[in-house]
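I have placed the structure first, in the form of C-alpha cells, so that the comments after it can refer back to it.
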Amino acid sequence: MILPSVLDLSPIIEGGDPALAFRNTVDLAQHAEEWGYHRYWLAEHHNLPGIASAATSVVIGHVASKTKSIRVGAGGIMLPNHAPLVIAEQFGTLESLYPGRIDLGLGRAPGSDQLTARALRRYLGSNGDTFPQDVLELQSYFRPTAPGQAVVAVPGAGLNVPLYLLGSSDFSARLAAELGLPFAFASHFAPDYLQVAIELYRREFTPSEALVRPYVLIGVGIFAADTDAEARRLMTSAQMMFLNLIRGHPGTLPPPVESMDGRWSPTERAAVEHRTRCSAVGSPETIRRRLEELLNETGADEVIATAQIFDHGARLRSFEVAASVFREINEAKPSSAGRGG
C-alpha cells in the first residue's frame with residue numbers, strides 16, 4: 001500500500017494575505033482528512049512573500065485543532081535555525097495536545113536566503129555542518145528523563161514524536177540510514193539526486209528503535225484537473241513562482257495563464273522544467289500513469305503531494321483527484337509498502 005500525504009506551503013496568492021492562506025490551509029487539511037490522506041505537513045520558509053508557514057509549529061497546532069485524525073507535522077523544521085531544546089519543547093507541547101498525531105520532519109537548509117538565516121540564528125552557532133549533532137541532541141530530549149539529567153524538555157521528555165529526515169542530496173540520506181530514521185526526499189523541487197540518495201539510504205540503513213527497515217517518502221508536485229490542458233494551465237502559477245525565484249525576485253502566487261510562451265527564456269524554461277520534473281500534471285488517467293512511473297522508479301513507501309495552485313477550488317479538486325488515483329493504484333497493486341510510517 002502506498003500512503004498518500006500532503007505538503008502544504010500555505011501559499012499567499014496575489015491579492016490575498018496570510019489570513020486567507022491559513023483559512024485555505026485548514027480547509028484543505030479537513031478535506032484531505034476526509035479523502036483519506038495519511039498526513040498533512042507544513043514547511044518552514046522565511047522571507048518569502050508567497051509562503052505563510054514561517055511559524056511552522058504554530059500553524060501545525062492550528063491545523064491539528066481543526067482536524068480529528070489525520071497526522072499533522074513539519075515537512076520540515078529547518079533545525080539549524082533553532083536550538084534543539086526549543087523544538088523539543090514545541091513538538092512535545094503539540095504531541096501532548098494532539099497525542100499520536102504529530103510528526104517532526106527535519107531539514108538542514110536555512111529555508112531562506114543567507115541574510116535571513118543570519119537574522120534567524122544570531123548567535124545560535126548552528127549551521128548545516130552541525131546538523132547531525134543537532135539531531136542527536138534533539139533525540140536525547142525526547143527520551144525518558146535520566147537520573148541527574150540537568151536539562152529536560154518539559155513537555156517533550158518520554159514522548160513519542162516520530163522524526164523524519166528531509167533532504168535533496170546524499171547528506172541527509174546517509175544520516176537517516178545511520179540513525180535508522182525515515183527519509184523524505186525533496187524531489188518536488190530538487191530531483192537531481194533522487195535515485196542516488198534513495199539507493200544509498202537503503203543500502204546503508206541500520207535498524208533502530210524507531211524503524212526496522214528503510215522507509216522512503218518522495219515529494220511530488222500534483223496538478224490534476226479534468227483535462228490535461230486545464231492541468232497544464234493550473235501549473236503555470238507554480239512555474240511563474242519558480243521563475244520569479246530563479247530571477248531573484250520571489251513573490252506571491254500569481255494566477256494561471258494560458259501559455260508561458262514569451263514569459264521565460266529558453267534557459268529559464270529549462271531550469272524551471274528541470275526543477276519540477278518530478279511532477280504529475282494532467283487528467284486522472286495521466287496522473288495515474290505518471291505516479292506509477294515514479295513509484296516504479298523509486299519504490300517509495302509514501303508520496304507527499306504538493307501543489308501551488310492559485311484558485312482554492314481548483315486546488316481542492318486536484319487533491320481530490322489525486323486521492324482517487326492513489327486508491328486505484330493501491331487497489332490494483334497492493335504491496336507491503338506503508339510500513340513504519
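Going through the C-alpha cells in order, the chains are called A, B, and so on, while each chain numbers its residues from 1 and the ligands are numbered from 1 in the order shown.
Every protein, DNA or RNA residue with an atom at most 6 Å from Thr252 (chain A), where only C-alpha atoms count and chain neighbours fewer than 3 positions away do not, is listed here: Ile12, Ile13, Glu14, Pro49 and Gly50 of chain A.
Residues in contact with Ala173 (chain A) at 7 Å, where only C-alpha atoms are counted and same-chain residues fewer than 2 positions away are skipped, are listed as Gly167, Asp170, Phe171, Leu175, Ala176, Ala177, Phe183, Ala197, Ile198, Leu200 and Tyr201 of chain A.
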Save out the residues we just selected, N, CA and C atoms, as a PDB file, in the first residue's frame.
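Final output, selection-v1.pdb:
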```
ATOM      1  N   GLY A 167      15.733  15.799   2.808  1.00  0.00           N
ATOM      2  CA  GLY A 167      16.934  16.198   2.099  1.00  0.00           C
ATOM      3  C   GLY A 167      16.761  16.213   0.600  1.00  0.00           C
ATOM      4  N   ASP A 170      22.698  13.441  -0.864  1.00  0.00           N
ATOM      5  CA  ASP A 170      23.007  12.216  -0.138  1.00  0.00           C
ATOM      6  C   ASP A 170      23.353  12.465   1.330  1.00  0.00           C
ATOM      7  N   PHE A 171      23.489  13.732   1.749  1.00  0.00           N
ATOM      8  CA  PHE A 171      23.894  14.028   3.127  1.00  0.00           C
ATOM      9  C   PHE A 171      22.866  13.500   4.127  1.00  0.00           C
ATOM     10  N   LEU A 175      22.706  10.188   6.789  1.00  0.00           N
ATOM     11  CA  LEU A 175      22.433  10.353   8.212  1.00  0.00           C
ATOM     12  C   LEU A 175      21.177   9.582   8.624  1.00  0.00           C
ATOM     13  N   ALA A 176      20.136   9.629   7.785  1.00  0.00           N
ATOM     14  CA  ALA A 176      18.916   8.873   8.083  1.00  0.00           C
ATOM     15  C   ALA A 176      19.208   7.384   8.149  1.00  0.00           C
ATOM     16  N   ALA A 177      20.053   6.903   7.253  1.00  0.00           N
ATOM     17  CA  ALA A 177      20.424   5.484   7.263  1.00  0.00           C
ATOM     18  C   ALA A 177      21.192   5.135   8.532  1.00  0.00           C
ATOM     19  N   PHE A 183      13.291   8.580   5.626  1.00  0.00           N
ATOM     20  CA  PHE A 183      13.941   9.586   4.787  1.00  0.00           C
ATOM     21  C   PHE A 183      12.966  10.117   3.753  1.00  0.00           C
ATOM     22  N   ALA A 197      20.362   9.168  -3.762  1.00  0.00           N
ATOM     23  CA  ALA A 197      20.111   9.291  -2.324  1.00  0.00           C
ATOM     24  C   ALA A 197      19.292   8.118  -1.795  1.00  0.00           C
ATOM     25  N   ILE A 198      18.273   7.711  -2.546  1.00  0.00           N
ATOM     26  CA  ILE A 198      17.430   6.600  -2.090  1.00  0.00           C
ATOM     27  C   ILE A 198      18.230   5.303  -2.042  1.00  0.00           C
ATOM     28  N   LEU A 200      21.467   4.932  -1.705  1.00  0.00           N
ATOM     29  CA  LEU A 200      22.421   4.999  -0.603  1.00  0.00           C
ATOM     30  C   LEU A 200      21.712   4.749   0.724  1.00  0.00           C
ATOM     31  N   TYR A 201      20.564   5.386   0.916  1.00  0.00           N
ATOM     32  CA  TYR A 201      19.801   5.226   2.159  1.00  0.00           C
ATOM     33  C   TYR A 201      19.431   3.770   2.393  1.00  0.00           C
TER      34      TYR A 201
END
```
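Near Thr130 (chain A), within 12 Å and counting only C-alpha atoms, sit Leu79, Pro80, Asn81, His82, Ala83, Pro84, Gly107, Arg108, Ala109, Leu124, Gly125, Ser126, Asp134, Val135, Leu136 and Glu137 of chain A, not including residues fewer than 4 positions from it in the same chain.
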Considering only C-alpha atoms, return as a tab-separated table (two decimals) with all heavy atoms, in the first residue's frame whatever protein or nucleic-acid residues lie within 7 Å of region 161-165 of chain A, sequence-local ones (same chain, fewer than 6 positions apart) excluded.
```
chain	number	residue	atom	x	y	z
A	95	GLU	N	2.54	17.27	20.75
A	95	GLU	CA	2.22	15.86	20.99
A	95	GLU	C	1.36	15.70	22.25
A	95	GLU	O	0.48	14.83	22.29
A	95	GLU	CB	3.51	15.05	21.11
A	95	GLU	CG	3.32	13.59	21.48
A	95	GLU	CD	2.53	12.78	20.46
A	95	GLU	OE1	2.48	13.18	19.27
A	95	GLU	OE2	1.98	11.73	20.86
A	102	ILE	N	1.31	13.79	15.76
A	102	ILE	CA	2.30	14.80	15.42
A	102	ILE	C	3.57	14.17	14.86
A	102	ILE	O	4.13	13.24	15.42
A	102	ILE	CB	2.65	15.66	16.65
A	102	ILE	CG1	1.39	16.35	17.20
A	102	ILE	CG2	3.73	16.67	16.32
A	102	ILE	CD1	0.70	17.29	16.22
A	103	ASP	N	4.04	14.70	13.71
A	103	ASP	CA	5.29	14.30	13.07
A	103	ASP	C	6.28	15.45	13.11
A	103	ASP	O	5.90	16.62	13.06
A	103	ASP	CB	5.07	13.94	11.59
A	103	ASP	CG	4.16	12.76	11.38
A	103	ASP	OD1	4.11	11.88	12.26
A	103	ASP	OD2	3.50	12.71	10.32
A	104	LEU	N	7.55	15.11	13.13
A	104	LEU	CA	8.60	16.13	13.10
A	104	LEU	C	9.62	15.79	12.02
A	104	LEU	O	10.51	14.97	12.22
A	104	LEU	CB	9.27	16.25	14.47
A	104	LEU	CG	10.45	17.22	14.59
A	104	LEU	CD1	10.13	18.59	14.01
A	104	LEU	CD2	10.87	17.34	16.06
A	105	GLY	N	9.44	16.39	10.84
A	105	GLY	CA	10.42	16.28	9.78
A	105	GLY	C	11.47	17.36	9.93
A	105	GLY	O	11.16	18.51	10.26
A	106	LEU	N	12.73	17.01	9.69
A	106	LEU	CA	13.85	17.91	9.95
A	106	LEU	C	14.69	18.11	8.70
A	106	LEU	O	15.05	17.16	8.01
A	106	LEU	CB	14.75	17.34	11.05
A	106	LEU	CG	14.08	17.08	12.41
A	106	LEU	CD1	14.99	16.24	13.29
A	106	LEU	CD2	13.72	18.39	13.08
A	107	GLY	N	15.02	19.37	8.42
A	107	GLY	CA	15.90	19.70	7.31
A	107	GLY	C	17.10	20.47	7.80
A	107	GLY	O	17.10	21.06	8.89
A	172	SER	N	21.62	13.95	4.01
A	172	SER	CA	20.58	13.51	4.94
A	172	SER	C	20.21	12.06	4.71
A	172	SER	O	19.77	11.37	5.65
A	172	SER	CB	19.35	14.41	4.83
A	172	SER	OG	19.62	15.69	5.36
A	176	ALA	N	20.14	9.63	7.79
A	176	ALA	CA	18.92	8.87	8.08
A	176	ALA	C	19.21	7.38	8.15
A	176	ALA	O	18.67	6.67	9.01
A	176	ALA	CB	17.85	9.17	7.03
A	181	LEU	N	16.26	6.24	10.63
A	181	LEU	CA	15.08	7.10	10.58
A	181	LEU	C	14.48	7.11	9.18
A	181	LEU	O	15.18	6.84	8.18
A	181	LEU	CB	15.46	8.53	10.97
A	181	LEU	CG	15.91	8.75	12.41
A	181	LEU	CD1	16.38	10.18	12.61
A	181	LEU	CD2	14.78	8.42	13.39
A	182	PRO	N	13.20	7.41	9.04
A	182	PRO	CA	12.61	7.55	7.70
A	182	PRO	C	13.25	8.70	6.95
A	182	PRO	O	13.68	9.70	7.56
A	182	PRO	CB	11.12	7.83	7.99
A	182	PRO	CG	10.91	7.43	9.41
A	182	PRO	CD	12.22	7.63	10.11
A	183	PHE	N	13.29	8.58	5.63
A	183	PHE	CA	13.94	9.59	4.79
A	183	PHE	C	12.97	10.12	3.75
A	183	PHE	O	12.36	9.35	3.00
A	183	PHE	CB	15.16	8.98	4.10
A	183	PHE	CG	15.86	9.91	3.15
A	183	PHE	CD1	16.33	11.14	3.58
A	183	PHE	CD2	16.06	9.56	1.82
A	183	PHE	CE1	16.97	12.01	2.71
A	183	PHE	CE2	16.72	10.40	0.94
A	183	PHE	CZ	17.17	11.63	1.39
A	184	ALA	N	12.82	11.44	3.73
A	184	ALA	CA	11.93	12.10	2.76
A	184	ALA	C	12.78	12.92	1.80
A	184	ALA	O	13.54	13.80	2.23
A	184	ALA	CB	10.92	13.00	3.48
```
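Relative to CA of Ser169 (chain A), CA of Phe185 (chain A) is found at 8.0 Å.
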Determine, counting only C-alpha atoms, which protein, DNA and RNA residues have an atom within 7 Å of an atom of region 310-317 of chain A; residues of the same chain fewer than 3 positions away are not included. Present the result as a count of residues only. 10
Please, what distance in Å, to one decimal, runs between CA of Arg23 (chain A) and CA of Met78 (chain A)? 24.0 Å
Which of these residues is nearest to Glu302 (chain A), using only C-alpha atoms: A:Gly219, A:Gly15, A:Gly248, A:Gly158? A:Gly219
Counting only C-alpha atoms, what is within 9 Å of Ala280 (chain A), bar same-chain residues fewer than 3 positions away, as a PyMOL selection string? chain A and resi 220-224+277+286-291
Suppose we keep N, CA, C and O atoms; can you now write the selection as an mmCIF file, in the first residue's frame?
```cif
data_model
loop_
_atom_site.group_PDB
_atom_site.id
_atom_site.type_symbol
_atom_site.label_atom_id
_atom_site.label_comp_id
_atom_site.auth_asym_id
_atom_site.auth_seq_id
_atom_site.Cartn_x
_atom_site.Cartn_y
_atom_site.Cartn_z
ATOM 1 N N VAL A 220 6.130 14.985 -4.595
ATOM 2 C CA VAL A 220 5.677 15.031 -5.995
ATOM 3 C C VAL A 220 4.694 16.197 -6.153
ATOM 4 O O VAL A 220 3.717 16.290 -5.401
ATOM 5 N N GLY A 221 4.978 17.061 -7.107
ATOM 6 C CA GLY A 221 4.007 18.090 -7.449
ATOM 7 C C GLY A 221 2.869 17.463 -8.241
ATOM 8 O O GLY A 221 3.108 16.817 -9.260
ATOM 9 N N ILE A 222 1.652 17.626 -7.775
ATOM 10 C CA ILE A 222 0.494 17.050 -8.473
ATOM 11 C C ILE A 222 -0.463 18.173 -8.864
ATOM 12 O O ILE A 222 -0.953 18.918 -8.009
ATOM 13 N N PHE A 223 -0.696 18.273 -10.156
ATOM 14 C CA PHE A 223 -1.609 19.270 -10.703
ATOM 15 C C PHE A 223 -2.638 18.517 -11.532
ATOM 16 O O PHE A 223 -2.393 18.171 -12.692
ATOM 17 N N ALA A 224 -3.773 18.231 -10.928
ATOM 18 C CA ALA A 224 -4.788 17.390 -11.564
ATOM 19 C C ALA A 224 -6.025 18.209 -11.903
ATOM 20 O O ALA A 224 -6.426 19.100 -11.151
ATOM 21 N N ARG A 277 10.481 18.429 -12.604
ATOM 22 C CA ARG A 277 10.243 17.256 -13.441
ATOM 23 C C ARG A 277 9.622 16.085 -12.674
ATOM 24 O O ARG A 277 9.061 15.182 -13.281
ATOM 25 N N THR A 286 -3.784 10.551 -16.809
ATOM 26 C CA THR A 286 -2.396 10.985 -16.952
ATOM 27 C C THR A 286 -1.684 10.996 -15.609
ATOM 28 O O THR A 286 -0.519 10.577 -15.506
ATOM 29 N N ILE A 287 -2.375 11.465 -14.590
ATOM 30 C CA ILE A 287 -1.801 11.480 -13.238
ATOM 31 C C ILE A 287 -1.441 10.062 -12.799
ATOM 32 O O ILE A 287 -0.350 9.823 -12.258
ATOM 33 N N ARG A 288 -2.329 9.130 -13.049
ATOM 34 C CA ARG A 288 -2.058 7.760 -12.625
ATOM 35 C C ARG A 288 -0.830 7.199 -13.328
ATOM 36 O O ARG A 288 0.034 6.585 -12.687
ATOM 37 N N ARG A 289 -0.726 7.398 -14.634
ATOM 38 C CA ARG A 289 0.436 6.875 -15.365
ATOM 39 C C ARG A 289 1.728 7.458 -14.816
ATOM 40 O O ARG A 289 2.726 6.750 -14.629
ATOM 41 N N ARG A 290 1.722 8.758 -14.565
ATOM 42 C CA ARG A 290 2.939 9.417 -14.086
ATOM 43 C C ARG A 290 3.299 8.956 -12.675
ATOM 44 O O ARG A 290 4.480 8.696 -12.372
ATOM 45 N N LEU A 291 2.316 8.825 -11.794
ATOM 46 C CA LEU A 291 2.591 8.356 -10.442
ATOM 47 C C LEU A 291 3.131 6.927 -10.462
ATOM 48 O O LEU A 291 4.063 6.596 -9.717
#
```
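CA of Phe319 (chain A) lies 16.9 Å from CA of Thr67 (chain A).
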Mind the document's chain letters and residue numbers, and return as a PyMOL selection string the residues of region 171-279 of chain A that DSSP labels strand (DSSP E). chain A and resi 183-185+216-224+279
Produce a file of the selected residues containing N, CA, C and O atoms, as an mmCIF file, in the first residue's frame.
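What ended up in result22.cif:
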```cif
data_model
loop_
_atom_site.group_PDB
_atom_site.id
_atom_site.type_symbol
_atom_site.label_atom_id
_atom_site.label_comp_id
_atom_site.auth_asym_id
_atom_site.auth_seq_id
_atom_site.Cartn_x
_atom_site.Cartn_y
_atom_site.Cartn_z
ATOM 1 N N PHE A 183 13.291 8.580 5.626
ATOM 2 C CA PHE A 183 13.941 9.586 4.787
ATOM 3 C C PHE A 183 12.966 10.117 3.753
ATOM 4 O O PHE A 183 12.364 9.349 3.004
ATOM 5 N N ALA A 184 12.818 11.440 3.733
ATOM 6 C CA ALA A 184 11.933 12.103 2.761
ATOM 7 C C ALA A 184 12.785 12.917 1.804
ATOM 8 O O ALA A 184 13.538 13.801 2.235
ATOM 9 N N PHE A 185 12.659 12.621 0.508
ATOM 10 C CA PHE A 185 13.461 13.327 -0.494
ATOM 11 C C PHE A 185 12.630 14.425 -1.153
ATOM 12 O O PHE A 185 11.488 14.191 -1.569
ATOM 13 N N VAL A 216 10.885 5.252 2.703
ATOM 14 C CA VAL A 216 11.178 6.358 1.792
ATOM 15 C C VAL A 216 9.907 7.109 1.447
ATOM 16 O O VAL A 216 8.898 6.518 1.041
ATOM 17 N N LEU A 217 9.980 8.429 1.599
ATOM 18 C CA LEU A 217 8.906 9.323 1.161
ATOM 19 C C LEU A 217 9.476 10.195 0.046
ATOM 20 O O LEU A 217 10.630 10.650 0.128
ATOM 21 N N ILE A 218 8.679 10.432 -1.000
ATOM 22 C CA ILE A 218 9.118 11.325 -2.075
ATOM 23 C C ILE A 218 8.099 12.440 -2.258
ATOM 24 O O ILE A 218 6.887 12.229 -2.157
ATOM 25 N N GLY A 219 8.612 13.639 -2.506
ATOM 26 C CA GLY A 219 7.749 14.772 -2.802
ATOM 27 C C GLY A 219 7.409 14.799 -4.287
ATOM 28 O O GLY A 219 8.291 14.648 -5.132
ATOM 29 N N VAL A 220 6.130 14.985 -4.595
ATOM 30 C CA VAL A 220 5.677 15.031 -5.995
ATOM 31 C C VAL A 220 4.694 16.197 -6.153
ATOM 32 O O VAL A 220 3.717 16.290 -5.401
ATOM 33 N N GLY A 221 4.978 17.061 -7.107
ATOM 34 C CA GLY A 221 4.007 18.090 -7.449
ATOM 35 C C GLY A 221 2.869 17.463 -8.241
ATOM 36 O O GLY A 221 3.108 16.817 -9.260
ATOM 37 N N ILE A 222 1.652 17.626 -7.775
ATOM 38 C CA ILE A 222 0.494 17.050 -8.473
ATOM 39 C C ILE A 222 -0.463 18.173 -8.864
ATOM 40 O O ILE A 222 -0.953 18.918 -8.009
ATOM 41 N N PHE A 223 -0.696 18.273 -10.156
ATOM 42 C CA PHE A 223 -1.609 19.270 -10.703
ATOM 43 C C PHE A 223 -2.638 18.517 -11.532
ATOM 44 O O PHE A 223 -2.393 18.171 -12.692
ATOM 45 N N ALA A 224 -3.773 18.231 -10.928
ATOM 46 C CA ALA A 224 -4.788 17.390 -11.564
ATOM 47 C C ALA A 224 -6.025 18.209 -11.903
ATOM 48 O O ALA A 224 -6.426 19.100 -11.151
ATOM 49 N N SER A 279 6.900 15.781 -11.257
ATOM 50 C CA SER A 279 5.530 16.256 -11.107
ATOM 51 C C SER A 279 4.609 15.369 -11.923
ATOM 52 O O SER A 279 5.037 14.708 -12.879
#
```
Test item, alpha helix (DSSP H) assignment across region 219-289 of chain A, answer as a CSV table (one decimal) with C-alpha atoms, in the first residue's frame:
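Output contents, as saved in result.csv:
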```csv
chain,number,residue,atom,x,y,z
A,228,ASP,CA,-4.5,17.6,-19.5
A,229,ALA,CA,-4.8,21.1,-20.9
A,230,GLU,CA,-6.5,22.5,-17.8
A,231,ALA,CA,-4.0,20.9,-15.5
A,232,ARG,CA,-1.1,22.4,-17.5
A,233,ARG,CA,-2.8,25.8,-17.2
A,234,LEU,CA,-3.1,25.4,-13.4
A,235,MET,CA,0.6,24.6,-13.2
A,236,THR,CA,1.6,27.9,-14.8
A,237,SER,CA,1.1,29.6,-11.4
A,238,ALA,CA,3.8,27.4,-9.9
A,239,GLN,CA,6.0,27.8,-12.9
A,240,MET,CA,5.8,31.6,-12.7
A,241,MET,CA,6.6,31.4,-8.9
A,242,PHE,CA,9.7,29.2,-9.6
A,243,LEU,CA,10.7,31.6,-12.4
A,244,ASN,CA,10.5,34.6,-10.1
A,245,LEU,CA,12.6,32.7,-7.5
A,246,ILE,CA,15.2,31.9,-10.1
A,266,PRO,CA,14.8,29.0,-23.2
A,267,THR,CA,17.4,28.8,-20.4
A,268,GLU,CA,14.8,29.8,-17.8
A,269,ARG,CA,12.3,27.3,-19.2
A,270,ALA,CA,14.8,24.5,-19.0
A,271,ALA,CA,15.7,25.4,-15.4
A,272,VAL,CA,12.1,25.5,-14.2
A,273,GLU,CA,11.1,22.3,-16.1
A,274,HIS,CA,14.2,20.6,-14.7
A,275,ARG,CA,13.3,21.5,-11.1
A,284,PRO,CA,-6.8,11.5,-13.7
A,285,GLU,CA,-5.5,8.9,-16.3
A,286,THR,CA,-2.4,11.0,-17.0
A,287,ILE,CA,-1.8,11.5,-13.2
A,288,ARG,CA,-2.1,7.8,-12.6
A,289,ARG,CA,0.4,6.9,-15.4
```
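Using only C-alpha atoms for every distance, the candidate list A:Glu331, A:Glu34, A:Glu89, A:Glu297 yields A:Glu297 as the residue closest to Leu194 (chain A).
Proximity to Gly299 (chain A) was assessed for A:Leu138, A:Ile2, A:Asp27, A:His38 counting only C-alpha atoms; the smallest distance is recorded for A:Ile2.
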